[in-house]
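J.: Have a look at the structure that comes next, please.
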Amino acid sequence: MSFGQAIGRYIESLGVPGQVQTNPQDHYSVERVSTDPPPTWVLTRRRIIGARLRDAREAARLSQEELAERAGIDRKTVVRLEGATSDARLGVWLRLARVLGVPLAHLVRD
């Protein structure tokens, strides 16, 4: 049994809801994936953050395509973030903030 499998079994034994997914390229990486929909407050925050991203992009006079290209991500990711239908890893948000010339805190603040 690999280390990742052992961790996955341990997490399952705790009774935490969701599925254990291991990264096929790094079998030591174990991630909990919830099968429940996110709480309402999470969806509300996603919409607010997505609107800030769109406003910052428009203030920088960039299209979604231009922003994505400069940040090194797919345009669909920008669409999903602005539309509040997806989350992104911290690295994506850091790249977006840098391209837009705004502090990360500006995009994600309360």
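A note on labels: chains of the structure tokens are A, B, ... as shown, every chain counts residues from 1, and ligands are counted from 1 in their shown order.
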As a tab-separated table (two decimals) with N, CA, C and O atoms, in the first residue's frame, please: the residues near Leu90 in chain A (cut-off 12 Å, only C-alpha atoms, same-chain neighbours under 2 positions excluded).
T.:
chain	number	residue	atom	x	y	z
A	87	ASP	N	-13.84	27.53	-8.56
A	87	ASP	CA	-12.77	28.02	-7.69
A	87	ASP	C	-11.46	27.91	-8.45
A	87	ASP	O	-11.36	27.21	-9.44
A	88	ALA	N	-10.45	28.59	-7.96
A	88	ALA	CA	-9.12	28.48	-8.56
A	88	ALA	C	-8.08	28.35	-7.45
A	88	ALA	O	-8.30	28.80	-6.32
A	92	VAL	N	-3.19	30.72	-9.46
A	92	VAL	CA	-3.95	31.36	-10.54
A	92	VAL	C	-4.34	32.77	-10.13
A	92	VAL	O	-4.18	33.73	-10.88
A	93	TRP	N	-4.83	32.91	-8.90
A	93	TRP	CA	-5.22	34.24	-8.42
A	93	TRP	C	-4.02	35.18	-8.34
A	93	TRP	O	-4.14	36.37	-8.67
A	94	LEU	N	-2.87	34.67	-7.93
A	94	LEU	CA	-1.65	35.50	-7.87
A	94	LEU	C	-1.26	35.99	-9.26
A	94	LEU	O	-0.90	37.16	-9.44
A	95	ARG	N	-1.33	35.11	-10.26
A	95	ARG	CA	-1.00	35.51	-11.63
A	95	ARG	C	-2.00	36.54	-12.16
A	95	ARG	O	-1.60	37.51	-12.81
A	96	LEU	N	-3.28	36.34	-11.88
A	96	LEU	CA	-4.29	37.29	-12.35
A	96	LEU	C	-4.07	38.66	-11.72
A	96	LEU	O	-4.10	39.68	-12.43
A	97	ALA	N	-3.84	38.69	-10.43
A	97	ALA	CA	-3.62	39.97	-9.74
A	97	ALA	C	-2.39	40.68	-10.30
A	97	ALA	O	-2.42	41.90	-10.51
A	104	LEU	N	-3.53	41.10	-4.60
A	104	LEU	CA	-4.45	39.96	-4.47
A	104	LEU	C	-5.56	40.29	-3.49
A	104	LEU	O	-6.72	39.97	-3.73
A	105	ALA	N	-5.22	40.97	-2.41
A	105	ALA	CA	-6.20	41.33	-1.38
A	105	ALA	C	-7.34	42.17	-1.97
A	105	ALA	O	-8.47	42.09	-1.49
A	107	LEU	N	-8.78	41.76	-4.78
A	107	LEU	CA	-9.75	40.87	-5.43
A	107	LEU	C	-10.54	40.04	-4.43
A	107	LEU	O	-11.71	39.77	-4.66
A	108	VAL	N	-9.91	39.63	-3.34
A	108	VAL	CA	-10.55	38.64	-2.44
A	108	VAL	C	-10.95	39.19	-1.08
A	108	VAL	O	-11.42	38.44	-0.23
J.: Hey, what's within 7 Å of range 67-83 of chain A if we count only C-alpha atoms and toss same-chain stuff fewer than 6 positions away? As a ChimeraX atom specification, please?
T.: /A:47,50-51,53-54,95-96,99
J.: CA of Leu62 in chain A and CA of Leu100 in chain A, how far apart in Å?
T.: 8.7 Å
J.: Can you check which residues of range 31-67 of chain A DSSP gives as alpha helix (DSSP H) on the backbone and send them as number ranges by chain?
T.: A: 40-59, 64-67
